[in-house]
Amino acid sequence: MENNTQEYITFETTAKDGTVLEMAVVDEFEFDKKHYVAAAVIVDNAINEDELYIYRSVISEDDFSVEPIMDLTEYQKIADAYLKM
């Protein structure tokens with residue numbers, strides 16, 4: 001029997017209502033010379049890939065951090081580019 005489990009890089013973020021959410025990075029990509037990740041919420045040890053969220057990411061030698069994209073027009077432009085990939 002094969003084990004098809006996959007490990008994900010995870011991070012925490014705060015929702016608009018103040019709830020802390022654990023997110024899993026399901027994809028990463030570059031756009032306009034910047035690095036981004038597509039992430040999904042983790043609920044009860046399961047990843048909800050029905051809704052993906054895009055974050056700008058900053059990568060250092062041994063870690064990374066994410067930043068929300070606050071400008072809605074910029075977010076839509078990046079999300080559209082991701083969907084075309």
# chains A, B, ... in the order shown; residues from 1 in each chain; ligands from 1
$ residues_around --residues "Ile9 in chain A" --least-positions-apart "4" --cutoff "10 Å" --atoms "only C-alpha atoms" --output "JSON, numbers by chain"
{"A": [23, 24, 25, 26, 27, 39, 64]}
$ closest_residue --among "A:Val66, A:Ala40, A:Ile47, A:Ile54" --to "Leu83 in chain A" --atoms "only C-alpha atoms"
A:Ile54
$ atom_distance --atom1 "CA of Thr13 in chain A" --atom2 "CA of His35 in chain A"
17.8 Å
$ closest_residue --among "A:Thr73, A:Thr10, A:Ser57, A:Asn45" --to "Phe31 in chain A" --atoms "only C-alpha atoms"
A:Ser57
$ atom_distance --atom1 "CA of Lys84 in chain A" --atom2 "CA of Pro68 in chain A"
20.9 Å
$ select_by_dssp --residues "chain A" --states "strand (DSSP E)" --output "PyMOL selection string"
chain A and resi 10-14+20-31+34-43+46-59+64-67
$ atom_distance --atom1 "CA of Thr19 in chain A" --atom2 "CA of Gln6 in chain A"
25.9 Å
$ residues_around --residues "Tyr53 in chain A" --least-positions-apart "2" --cutoff "9 Å" --atoms "only C-alpha atoms" --output "list in words"
Val37, Ala38, Ala39, Ala40, Val41, Glu51, Tyr55 and Ala79 of chain A
$ write_last_selection --atoms "N, CA, C and O atoms" --output "PDB file, in the first residue's frame"
ATOM      1  N   VAL A  37       3.024  33.036  -3.064  1.00  0.00           N
ATOM      2  CA  VAL A  37       2.555  31.689  -2.757  1.00  0.00           C
ATOM      3  C   VAL A  37       1.039  31.661  -2.849  1.00  0.00           C
ATOM      4  O   VAL A  37       0.369  32.660  -2.579  1.00  0.00           O
ATOM      5  N   ALA A  38       0.524  30.502  -3.267  1.00  0.00           N
ATOM      6  CA  ALA A  38      -0.907  30.231  -3.190  1.00  0.00           C
ATOM      7  C   ALA A  38      -1.066  29.330  -1.977  1.00  0.00           C
ATOM      8  O   ALA A  38      -0.359  28.332  -1.831  1.00  0.00           O
ATOM      9  N   ALA A  39      -1.959  29.703  -1.082  1.00  0.00           N
ATOM     10  CA  ALA A  39      -2.117  28.972   0.171  1.00  0.00           C
ATOM     11  C   ALA A  39      -3.574  28.625   0.409  1.00  0.00           C
ATOM     12  O   ALA A  39      -4.483  29.295  -0.091  1.00  0.00           O
ATOM     13  N   ALA A  40      -3.772  27.566   1.192  1.00  0.00           N
ATOM     14  CA  ALA A  40      -5.121  27.106   1.548  1.00  0.00           C
ATOM     15  C   ALA A  40      -5.204  26.965   3.059  1.00  0.00           C
ATOM     16  O   ALA A  40      -4.215  26.650   3.724  1.00  0.00           O
ATOM     17  N   VAL A  41      -6.391  27.171   3.579  1.00  0.00           N
ATOM     18  CA  VAL A  41      -6.633  27.049   5.016  1.00  0.00           C
ATOM     19  C   VAL A  41      -6.588  25.580   5.416  1.00  0.00           C
ATOM     20  O   VAL A  41      -7.102  24.712   4.703  1.00  0.00           O
ATOM     21  N   GLU A  51     -10.598  26.978  -1.814  1.00  0.00           N
ATOM     22  CA  GLU A  51     -10.347  28.416  -1.778  1.00  0.00           C
ATOM     23  C   GLU A  51      -8.855  28.638  -1.567  1.00  0.00           C
ATOM     24  O   GLU A  51      -8.316  28.288  -0.531  1.00  0.00           O
ATOM     25  N   TYR A  55      -0.430  35.276  -1.428  1.00  0.00           N
ATOM     26  CA  TYR A  55       0.369  36.124  -0.538  1.00  0.00           C
ATOM     27  C   TYR A  55       1.703  36.415  -1.208  1.00  0.00           C
ATOM     28  O   TYR A  55       2.251  35.555  -1.909  1.00  0.00           O
ATOM     29  N   ALA A  79      -3.669  37.361  -9.049  1.00  0.00           N
ATOM     30  CA  ALA A  79      -4.526  36.170  -9.072  1.00  0.00           C
ATOM     31  C   ALA A  79      -4.846  35.758 -10.511  1.00  0.00           C
ATOM     32  O   ALA A  79      -4.814  34.568 -10.848  1.00  0.00           O
TER      33      ALA A  79
END
$ closest_residue --among "A:Ser60, A:Glu7, A:Glu30, A:Asn48" --to "Met85 in chain A" --atoms "only C-alpha atoms"
A:Glu30
$ residues_around --residues "Val20 in chain A" --least-positions-apart "6" --cutoff "12 Å" --atoms "only C-alpha atoms" --output "list of chain:residue names"
A:Phe11, A:Glu12, A:Thr13, A:Thr14, A:Val41, A:Ile42, A:Val43
$ closest_residue --among "A:Leu21, A:Asp32, A:Lys16, A:Leu52" --to "Lys77 in chain A" --atoms "only C-alpha atoms"
A:Asp32
$ select_by_dssp --residues "range 5-81 of chain A" --states "alpha helix (DSSP H)" --output "list of chain:residue names"
A:Leu72, A:Thr73, A:Glu74, A:Tyr75, A:Gln76, A:Lys77, A:Ile78, A:Ala79, A:Asp80, A:Ala81
$ decode --residues "range 25-39 of chain A" --atoms "all heavy atoms" --output "CSV table (one decimal), in the first residue's frame"
chain,number,residue,atom,x,y,z
A,25,VAL,N,1.1,26.1,2.2
A,25,VAL,CA,1.5,26.6,0.8
A,25,VAL,C,1.3,25.4,-0.1
A,25,VAL,O,1.9,24.4,0.0
A,25,VAL,CB,3.0,27.0,0.8
A,25,VAL,CG1,3.4,27.3,-0.6
A,25,VAL,CG2,3.2,28.2,1.8
A,26,VAL,N,0.4,25.6,-1.1
A,26,VAL,CA,0.1,24.6,-2.1
A,26,VAL,C,0.8,24.9,-3.4
A,26,VAL,O,0.9,24.0,-4.3
A,26,VAL,CB,-1.4,24.4,-2.3
A,26,VAL,CG1,-2.1,23.9,-1.0
A,26,VAL,CG2,-2.1,25.7,-2.8
A,27,ASP,N,1.3,26.1,-3.6
A,27,ASP,CA,2.0,26.4,-4.9
A,27,ASP,C,2.8,27.7,-4.6
A,27,ASP,O,2.5,28.5,-3.7
A,27,ASP,CB,1.0,26.6,-6.0
A,27,ASP,CG,1.6,26.4,-7.4
A,27,ASP,OD1,2.8,26.1,-7.5
A,27,ASP,OD2,0.9,26.6,-8.4
A,28,GLU,N,3.8,27.9,-5.4
A,28,GLU,CA,4.6,29.1,-5.4
A,28,GLU,C,4.9,29.5,-6.8
A,28,GLU,O,5.0,28.7,-7.7
A,28,GLU,CB,5.9,29.0,-4.5
A,28,GLU,CG,6.8,27.8,-4.9
A,28,GLU,CD,7.9,27.7,-4.0
A,28,GLU,OE1,8.7,28.6,-3.8
A,28,GLU,OE2,8.0,26.6,-3.4
A,29,PHE,N,5.1,30.8,-7.0
A,29,PHE,CA,5.3,31.3,-8.4
A,29,PHE,C,5.9,32.7,-8.3
A,29,PHE,O,5.9,33.4,-7.3
A,29,PHE,CB,4.0,31.3,-9.2
A,29,PHE,CG,2.9,32.2,-8.6
A,29,PHE,CD1,2.7,33.5,-9.2
A,29,PHE,CD2,2.1,31.8,-7.5
A,29,PHE,CE1,1.7,34.3,-8.7
A,29,PHE,CE2,1.1,32.6,-7.1
A,29,PHE,CZ,0.9,33.9,-7.6
A,30,GLU,N,6.4,33.1,-9.5
A,30,GLU,CA,7.0,34.5,-9.6
A,30,GLU,C,6.1,35.2,-10.6
A,30,GLU,O,5.6,34.7,-11.6
A,30,GLU,CB,8.4,34.4,-10.1
A,30,GLU,CG,9.4,34.4,-9.0
A,30,GLU,CD,10.8,34.7,-9.5
A,30,GLU,OE1,11.0,35.6,-10.4
A,30,GLU,OE2,11.7,34.0,-9.0
A,31,PHE,N,5.9,36.5,-10.3
A,31,PHE,CA,5.2,37.4,-11.2
A,31,PHE,C,5.8,38.8,-11.1
A,31,PHE,O,6.0,39.3,-9.9
A,31,PHE,CB,3.7,37.4,-10.9
A,31,PHE,CG,2.9,38.3,-11.7
A,31,PHE,CD1,2.6,38.0,-13.0
A,31,PHE,CD2,2.4,39.5,-11.2
A,31,PHE,CE1,1.9,38.9,-13.8
A,31,PHE,CE2,1.6,40.4,-12.0
A,31,PHE,CZ,1.4,40.1,-13.3
A,32,ASP,N,6.1,39.5,-12.2
A,32,ASP,CA,6.7,40.8,-12.1
A,32,ASP,C,7.9,40.9,-11.2
A,32,ASP,O,8.0,41.8,-10.4
A,32,ASP,CB,5.7,41.9,-11.7
A,32,ASP,CG,4.8,42.3,-12.9
A,32,ASP,OD1,5.1,41.9,-14.1
A,32,ASP,OD2,3.8,42.9,-12.6
A,33,LYS,N,8.7,39.9,-11.3
A,33,LYS,CA,10.0,39.8,-10.5
A,33,LYS,C,9.8,39.7,-9.0
A,33,LYS,O,10.7,40.1,-8.2
A,33,LYS,CB,10.9,40.9,-10.9
A,33,LYS,CG,11.3,40.9,-12.3
A,33,LYS,CD,12.3,42.0,-12.7
A,33,LYS,CE,12.6,41.9,-14.2
A,33,LYS,NZ,13.5,43.0,-14.6
A,34,LYS,N,8.6,39.3,-8.6
A,34,LYS,CA,8.3,39.1,-7.1
A,34,LYS,C,7.9,37.7,-6.9
A,34,LYS,O,7.3,37.1,-7.8
A,34,LYS,CB,7.3,40.1,-6.7
A,34,LYS,CG,7.7,41.6,-6.7
A,34,LYS,CD,6.6,42.5,-6.3
A,34,LYS,CE,7.1,43.9,-6.4
A,34,LYS,NZ,6.0,44.9,-6.1
A,35,HIS,N,8.1,37.2,-5.7
A,35,HIS,CA,7.7,35.8,-5.4
A,35,HIS,C,6.4,35.8,-4.6
A,35,HIS,O,6.2,36.6,-3.7
A,35,HIS,CB,8.8,35.2,-4.5
A,35,HIS,CG,8.7,33.7,-4.5
A,35,HIS,ND1,8.2,33.1,-3.4
A,35,HIS,CD2,9.1,32.8,-5.3
A,35,HIS,CE1,8.2,31.8,-3.6
A,35,HIS,NE2,8.8,31.6,-4.8
A,36,TYR,N,5.5,34.8,-5.0
A,36,TYR,CA,4.2,34.7,-4.3
A,36,TYR,C,3.9,33.2,-4.0
A,36,TYR,O,4.6,32.3,-4.6
A,36,TYR,CB,3.1,35.2,-5.3
A,36,TYR,CG,3.2,36.6,-5.6
A,36,TYR,CD1,3.9,37.0,-6.8
A,36,TYR,CD2,2.7,37.6,-4.8
A,36,TYR,CE1,4.1,38.4,-7.1
A,36,TYR,CE2,2.8,39.0,-5.2
A,36,TYR,CZ,3.5,39.3,-6.3
A,36,TYR,OH,3.6,40.7,-6.6
A,37,VAL,N,3.0,33.0,-3.1
A,37,VAL,CA,2.6,31.7,-2.8
A,37,VAL,C,1.0,31.7,-2.8
A,37,VAL,O,0.4,32.7,-2.6
A,37,VAL,CB,3.0,31.2,-1.3
A,37,VAL,CG1,4.5,31.1,-1.3
A,37,VAL,CG2,2.4,32.1,-0.2
A,38,ALA,N,0.5,30.5,-3.3
A,38,ALA,CA,-0.9,30.2,-3.2
A,38,ALA,C,-1.1,29.3,-2.0
A,38,ALA,O,-0.4,28.3,-1.8
A,38,ALA,CB,-1.4,29.5,-4.5
A,39,ALA,N,-2.0,29.7,-1.1
A,39,ALA,CA,-2.1,29.0,0.2
A,39,ALA,C,-3.6,28.6,0.4
A,39,ALA,O,-4.5,29.3,-0.1
A,39,ALA,CB,-1.6,29.8,1.3
